[in-house]
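Here is the file coords_25.txt (compact mmCIF, C-alpha atoms).
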```
# COMPACT_ATOMS: atom_id res chain seq x y z
CA MET A 29 -4.39 -2.71 10.49
CA PRO A 30 -0.85 -2.14 11.76
CA GLN A 31 0.45 -4.78 9.33
CA THR A 32 -1.36 -3.09 6.44
CA SER A 33 0.13 0.26 7.47
CA ARG A 34 3.64 -1.19 7.55
CA ARG A 35 3.17 -2.64 4.07
CA ARG A 36 2.06 0.74 2.77
CA ARG A 37 5.07 2.47 4.32
CA LEU A 38 7.37 -0.16 2.82
CA LEU A 39 5.74 0.28 -0.57
CA ARG A 40 6.15 4.07 -0.40
CA ARG A 41 9.84 3.65 0.49
CA LEU A 42 10.36 1.27 -2.41
CA VAL A 43 8.68 3.73 -4.75
CA ARG A 44 10.90 6.57 -3.49
CA VAL A 45 14.02 4.42 -3.90
CA GLY A 46 12.91 3.48 -7.41
CA VAL A 47 12.37 7.13 -8.33
CA VAL A 48 15.82 8.04 -7.01
CA LEU A 49 17.44 5.17 -8.92
CA LEU A 50 15.67 6.19 -12.12
CA ALA A 51 16.84 9.76 -11.63
CA VAL A 52 20.42 8.60 -11.10
CA VAL A 53 20.28 6.43 -14.21
CA ALA A 54 18.80 9.31 -16.21
CA VAL A 55 21.58 11.64 -15.07
CA MET A 56 24.20 9.02 -15.95
CA LEU A 57 22.74 8.52 -19.42
CA VAL A 58 22.62 12.26 -20.04
CA ALA A 59 26.26 12.51 -18.93
CA VAL A 60 27.26 9.63 -21.21
CA TRP A 61 25.39 11.26 -24.11
CA GLY A 62 27.13 14.57 -23.58
CA LEU A 63 30.60 13.14 -22.94
CA GLN A 64 30.57 10.17 -25.29
CA ARG A 65 33.18 11.58 -27.66
CA TYR A 66 35.65 11.63 -24.77
CA PHE A 67 35.26 7.84 -24.76
CA ILE A 68 35.85 7.57 -28.53
CA TYR A 69 38.65 10.00 -29.36
CA PHE A 70 41.95 10.15 -27.48
CA PRO A 71 43.97 12.73 -29.41
CA ASP A 72 47.54 13.66 -28.65
CA ARG A 73 47.02 17.39 -29.15
CA SER A 74 50.64 18.41 -28.70
CA PRO A 75 52.38 19.90 -31.76
CA VAL A 76 54.52 17.45 -33.69
CA PRO A 77 58.11 18.15 -34.74
CA PRO A 78 58.97 19.06 -38.34
CA ALA A 79 58.44 16.07 -40.60
CA ALA A 80 62.04 15.96 -41.86
CA GLU A 81 63.34 15.63 -38.29
CA VAL A 82 61.44 12.38 -37.89
CA VAL A 83 61.48 10.91 -41.42
CA PRO A 84 64.38 12.02 -43.65
CA GLY A 85 63.06 13.55 -46.86
CA ALA A 86 59.54 14.05 -45.51
CA ARG A 87 57.90 17.44 -45.58
CA ASP A 88 55.12 19.21 -43.74
CA VAL A 89 51.98 19.82 -45.78
CA THR A 90 48.65 21.47 -45.05
CA ALA A 91 45.14 20.48 -46.09
CA LEU A 92 42.17 22.86 -46.02
CA THR A 93 38.83 21.35 -45.01
CA SER A 94 35.45 22.41 -46.36
CA ASP A 95 34.62 23.99 -43.00
CA GLY A 96 37.76 26.11 -43.02
CA LEU A 97 40.27 24.21 -40.89
CA GLU A 98 43.93 24.06 -41.85
CA LEU A 99 45.23 20.60 -40.94
CA GLY A 100 48.87 19.64 -40.80
CA ALA A 101 50.07 16.33 -42.26
CA TRP A 102 53.33 14.70 -43.33
CA LEU A 103 54.18 13.69 -46.87
CA VAL A 104 56.88 11.04 -47.24
CA PRO A 105 58.17 10.53 -50.80
CA ALA A 106 58.81 7.12 -52.26
CA GLU A 107 62.41 6.04 -52.61
CA ALA A 108 63.30 6.90 -56.20
CA SER A 109 64.80 3.50 -56.99
CA ALA A 110 61.57 1.69 -56.01
CA ASP A 111 58.91 4.27 -56.93
CA ARG A 112 55.59 2.64 -57.92
CA ASP A 113 53.84 5.94 -58.75
CA LEU A 114 51.31 5.09 -56.03
CA ALA A 115 50.52 6.88 -52.80
CA VAL A 116 49.27 5.56 -49.48
CA LEU A 117 46.81 7.65 -47.50
CA PHE A 118 47.23 6.49 -43.90
CA ALA A 119 44.43 7.16 -41.41
CA HIS A 120 45.48 6.32 -37.87
CA GLY A 121 43.36 5.16 -34.95
CA ASN A 122 41.58 7.11 -32.25
CA GLY A 123 44.71 7.90 -30.21
CA GLY A 124 48.06 9.59 -30.81
CA ASN A 125 48.79 11.64 -33.92
CA ARG A 126 50.65 11.40 -37.23
CA GLU A 127 54.04 10.95 -35.58
CA GLY A 128 52.97 7.46 -34.56
CA GLY A 129 52.92 6.41 -38.23
CA ALA A 130 56.50 7.45 -38.94
CA ASP A 131 58.01 3.95 -38.91
CA LEU A 132 55.27 2.58 -41.13
CA ALA A 133 55.79 5.47 -43.56
CA ARG A 134 59.53 4.73 -43.74
CA ARG A 135 58.88 1.08 -44.56
CA LEU A 136 56.29 1.90 -47.18
CA SER A 137 58.58 4.51 -48.74
CA GLU A 138 61.33 1.89 -49.04
CA ARG A 139 58.85 -0.33 -50.90
CA GLY A 140 58.06 2.40 -53.42
CA PHE A 141 55.05 4.25 -52.00
CA THR A 142 54.62 7.94 -51.38
CA VAL A 143 52.88 8.18 -48.01
CA LEU A 144 50.58 10.85 -46.62
CA LEU A 145 50.33 10.59 -42.83
CA MET A 146 47.08 12.44 -42.32
CA ASP A 147 46.08 13.88 -38.98
CA TYR A 148 42.57 14.64 -37.84
CA ARG A 149 41.13 17.83 -36.42
CA GLY A 150 42.12 18.14 -32.77
CA TYR A 151 45.16 15.87 -33.22
CA GLY A 152 48.84 16.77 -33.48
CA GLY A 153 48.40 20.50 -32.97
CA ASN A 154 45.55 20.72 -35.48
CA PRO A 155 42.55 22.94 -34.73
CA GLY A 156 39.03 21.65 -34.20
CA THR A 157 37.25 18.90 -32.30
CA PRO A 158 36.96 15.35 -33.68
CA SER A 159 33.66 13.82 -34.73
CA GLU A 160 32.58 11.37 -37.43
CA GLU A 161 31.45 14.13 -39.76
CA GLY A 162 34.55 16.17 -39.01
CA LEU A 163 36.89 13.29 -39.80
CA ALA A 164 35.03 12.69 -43.05
CA ARG A 165 35.74 16.30 -44.04
CA ASP A 166 39.36 15.84 -43.02
CA ALA A 167 39.76 12.79 -45.24
CA ILE A 168 38.30 14.63 -48.25
CA ALA A 169 40.75 17.48 -47.65
CA MET A 170 43.66 15.02 -47.51
CA SER A 171 42.48 13.40 -50.75
CA ASP A 172 42.45 16.83 -52.37
CA LEU A 173 45.98 17.41 -51.11
CA LEU A 174 47.21 14.17 -52.65
CA ALA A 175 45.54 15.03 -55.95
CA ARG A 176 47.46 18.30 -56.01
CA GLU A 177 50.62 16.28 -55.43
CA GLY A 178 49.86 14.20 -58.53
CA PHE A 179 47.99 11.31 -56.91
CA PRO A 180 44.29 11.21 -57.80
CA PRO A 181 42.22 8.61 -55.90
CA ASP A 182 42.79 5.88 -58.47
CA ARG A 183 46.54 6.14 -57.73
CA VAL A 184 46.06 5.98 -53.97
CA VAL A 185 45.84 3.06 -51.56
CA TYR A 186 43.77 3.84 -48.49
CA VAL A 187 45.20 2.29 -45.34
CA GLY A 188 43.17 2.69 -42.17
CA GLU A 189 43.85 1.35 -38.71
CA SER A 190 41.14 0.79 -36.13
CA LEU A 191 39.02 3.96 -36.08
CA GLY A 192 40.79 4.98 -39.29
CA THR A 193 39.08 2.06 -41.07
CA GLY A 194 35.81 3.92 -40.58
CA VAL A 195 37.39 7.06 -42.03
CA VAL A 196 38.75 5.42 -45.20
CA ALA A 197 35.71 3.21 -45.74
CA ARG A 198 33.57 6.32 -45.90
CA LEU A 199 36.09 8.13 -48.12
CA ALA A 200 36.08 5.16 -50.51
CA GLU A 201 32.34 5.61 -51.07
CA GLU A 202 32.83 9.09 -52.46
CA ARG A 203 36.31 8.66 -53.93
CA PRO A 204 37.08 5.04 -54.83
CA PRO A 205 40.80 4.35 -54.44
CA HIS A 206 43.20 2.05 -56.25
CA ALA A 207 42.79 -0.37 -53.33
CA MET A 208 42.04 -0.33 -49.61
CA LEU A 209 43.64 -2.06 -46.63
CA LEU A 210 41.78 -2.19 -43.33
CA ARG A 211 43.78 -2.97 -40.21
CA SER A 212 41.62 -4.04 -37.25
CA PRO A 213 38.33 -2.95 -38.80
CA PHE A 214 35.06 -3.18 -36.88
CA THR A 215 31.54 -3.71 -38.17
CA ASP A 216 30.43 -0.41 -36.65
CA LEU A 217 31.29 1.53 -33.53
CA VAL A 218 28.10 0.38 -31.80
CA GLU A 219 29.39 -3.21 -31.75
CA VAL A 220 32.73 -2.09 -30.33
CA GLY A 221 30.94 -0.04 -27.69
CA ARG A 222 28.79 -2.99 -26.68
CA ALA A 223 31.90 -5.11 -26.24
CA GLN A 224 33.64 -2.45 -24.13
CA TYR A 225 30.62 -1.12 -22.19
CA PRO A 226 28.12 -4.01 -22.02
CA ILE A 227 25.90 -2.38 -19.38
CA LEU A 228 25.21 0.76 -21.43
CA PRO A 229 22.51 1.10 -24.13
CA VAL A 230 25.17 1.99 -26.67
CA GLY A 231 22.93 1.61 -29.69
CA ALA A 232 20.53 4.24 -28.42
CA LEU A 233 23.20 6.67 -27.23
CA LEU A 234 25.94 6.66 -29.83
CA ARG A 235 26.10 9.58 -32.28
CA ASP A 236 29.32 8.65 -34.18
CA ARG A 237 28.81 5.18 -35.62
CA PHE A 238 31.40 4.66 -38.39
CA ASP A 239 29.46 1.93 -40.20
CA VAL A 240 32.32 0.03 -41.81
CA LEU A 241 30.50 -3.21 -42.60
CA SER A 242 27.75 -1.74 -44.77
CA ARG A 243 30.24 0.38 -46.71
CA VAL A 244 32.71 -2.43 -47.31
CA SER A 245 29.89 -4.75 -48.38
CA GLN A 246 29.10 -2.35 -51.23
CA THR A 247 32.60 -1.42 -52.34
CA THR A 248 33.99 -2.36 -55.73
CA VAL A 249 37.65 -1.71 -54.92
CA PRO A 250 40.11 -4.45 -53.92
CA VAL A 251 40.23 -4.91 -50.14
CA THR A 252 42.63 -6.55 -47.71
CA VAL A 253 41.78 -7.04 -44.04
CA VAL A 254 44.51 -7.45 -41.43
CA ARG A 255 43.47 -8.54 -37.95
CA ALA A 256 45.05 -9.72 -34.72
CA ASP A 257 43.62 -12.87 -33.21
CA GLU A 258 44.14 -11.59 -29.64
CA ASP A 259 42.63 -8.16 -30.15
CA PHE A 260 40.69 -7.13 -27.06
CA ILE A 261 39.99 -3.56 -28.21
CA VAL A 262 38.38 -4.33 -31.55
CA PRO A 263 37.27 -7.95 -31.16
CA SER A 264 38.85 -10.03 -33.90
CA GLU A 265 35.52 -11.54 -34.84
CA LEU A 266 34.26 -8.10 -35.86
CA SER A 267 37.21 -7.75 -38.25
CA ALA A 268 36.47 -11.23 -39.59
CA ARG A 269 32.90 -10.20 -40.34
CA VAL A 270 34.16 -7.19 -42.31
CA ALA A 271 36.44 -9.45 -44.35
CA ALA A 272 33.59 -11.88 -45.02
CA ALA A 273 31.37 -9.03 -46.24
CA ALA A 274 33.88 -7.60 -48.73
CA PRO A 275 32.82 -8.66 -52.26
CA THR A 276 36.26 -7.81 -53.64
CA LEU A 277 38.41 -9.28 -50.85
CA VAL A 278 41.97 -9.92 -51.98
CA GLU A 279 43.31 -11.28 -48.71
CA GLU A 280 42.48 -11.72 -45.03
CA VAL A 281 45.64 -11.67 -42.92
CA VAL A 282 45.34 -13.08 -39.40
CA LEU A 283 48.28 -12.47 -37.08
CA PRO A 284 48.36 -15.16 -34.38
CA GLY A 285 49.29 -14.26 -30.83
CA VAL A 286 49.12 -10.54 -31.60
CA GLY A 287 47.12 -7.79 -29.87
CA HIS A 288 45.60 -4.57 -31.13
CA ASN A 289 48.58 -2.30 -30.43
CA ASP A 290 51.43 -4.77 -30.87
CA PRO A 291 54.30 -3.67 -33.16
CA ALA A 292 53.44 -6.34 -35.74
CA MET A 293 50.22 -4.50 -36.51
CA THR A 294 52.14 -1.60 -38.07
CA GLY A 295 55.35 -3.46 -38.92
CA PRO A 296 56.56 -5.66 -41.78
CA PRO A 297 53.45 -7.89 -41.90
CA LEU A 298 51.28 -4.86 -42.64
CA VAL A 299 53.71 -3.48 -45.22
CA ASP A 300 53.94 -6.85 -46.93
CA ALA A 301 50.15 -7.00 -47.05
CA VAL A 302 50.02 -3.59 -48.76
CA VAL A 303 52.54 -4.77 -51.36
CA ARG A 304 50.63 -8.00 -52.05
CA LEU A 305 47.42 -6.03 -52.39
CA VAL A 306 48.69 -3.65 -55.06
CA GLU A 307 50.48 -6.42 -56.90
CA ALA A 308 47.22 -8.38 -57.04
CA VAL A 309 45.31 -5.49 -58.58
```

Take the structure I supplied and represent it as structure tokens, if you would.
Amino acid sequence: MPQTSRRRRLLRRLVRVGVVLLAVVAVMLVAVWGLQRYFIYFPDRSPVPPAAEVVPGARDVTALTSDGLELGAWLVPAEASADRDLAVLFAHGNGGNREGGADLARRLSERGFTVLLMDYRGYGGNPGTPSEEGLARDAIAMSDLLAREGFPPDRVVYVGESLGTGVVARLAEERPPHAMLLRSPFTDLVEVGRAQYPILPVGALLRDRFDVLSRVSQTTVPVTVVRADEDFIVPSELSARVAAAAPTLVEEVVLPGVGHNDPAMTGPPLVDAVVRLVEAV
């Protein structure tokens, strides 16, 4: 009898411990659900300087979103001697703001492209809070801005980096561009989340998914994919899968010995890839 009693007490303790553990896990999952966008978006919210102070000849422009936000951006004109009558819409990654694209814009301008360095809601002094749907609205507003500047979508090359690949891939569905370059694209954000947080049920929790693979697999516009073979933020194999799925792939550029945020990823190799893409169209 005493042994049976001890077993029952042990069983009750185990049940209580299990209930507590389940409660802790439930609280953690609720917290992750509520705070997940803090793990996705890392905006530099500080106001940026005037465009012309950073890129000579650039100017500050404003786009109005369908939900009433006024978003600042920088427009960098093409060098007159090299002007291709094409614009680049550049969508940056999940951190920083438009100032981080200044060097890339200079290089693209020298090669004959007008460049719009877009910034998302909540970034670079812009109002609002980022989300997948919000960034989709932002991209539409930036496309409208370029059209007013004389660059309808068929005269625009979409260039997205990292999270920005999800932004431009979605924009390309509604407004097909002249061409599209994806730097460090992922299949979808769920796969990136699983790589970064393997113990979490990311697929069940994630609200913002940025499904790049399915959109690229259905696109009819020319596509180039640029990826780093030592990318530990967006695993390089995810970018490779995007390239393999593109029915209109022009080029897959693999940069050996390079990581996600290395200078080469926004330097001459990327600019050269943009030039080859438009010259192949």

(request) Could you jot down the CA of Asp300 (chain A) to CA of Asp113 (chain A) separation for me, Å, one decimal place? (result) 17.4 Å

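Between Asp236 (chain A) and the candidates A:Ile68, A:Ala207, A:Leu277, A:Met146, the tightest atom-to-atom separation, counting all atoms listed in the file, involves A:Ile68.
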
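Using only C-alpha atoms, the smallest distance between any of A:Glu219, A:Glu280, A:Glu81, A:Glu189 and Glu127 (chain A) comes from A:Glu81.
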
(request) Just the residues within 9 Å of Arg255 (chain A), please, counting all atoms listed in the file, with nothing from its chain fewer than 3 positions along; format it as a list in words. (result) Leu210, Arg211, Ser212, Pro213, Glu258, Asp259, Ser264, Ser267, Ala268, Glu280, Val281, Val282, Leu283, Pro284, Val286, Gly287, His288 and Met293 of chain A

(message) Report, in Å with one decimal, the straight-line distance from CA of Asp131 (chain A) to CA of Ala86 (chain A).
(response) 12.2 Å

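In this structure, CA of Thr157 (chain A) sits 22.7 Å away from CA of Phe214 (chain A).
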
(message) So, with all atoms listed in the file as the atoms that count, which of A:Ala119, A:Ile261, A:Val83, A:Leu241 lies closest to Val196 (chain A)?
(response) A:Ala119

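Nearest residue to Val306 (chain A), choosing from A:Arg198, A:Arg134, A:Arg269, A:Arg112 and counting only C-alpha atoms: A:Arg112.
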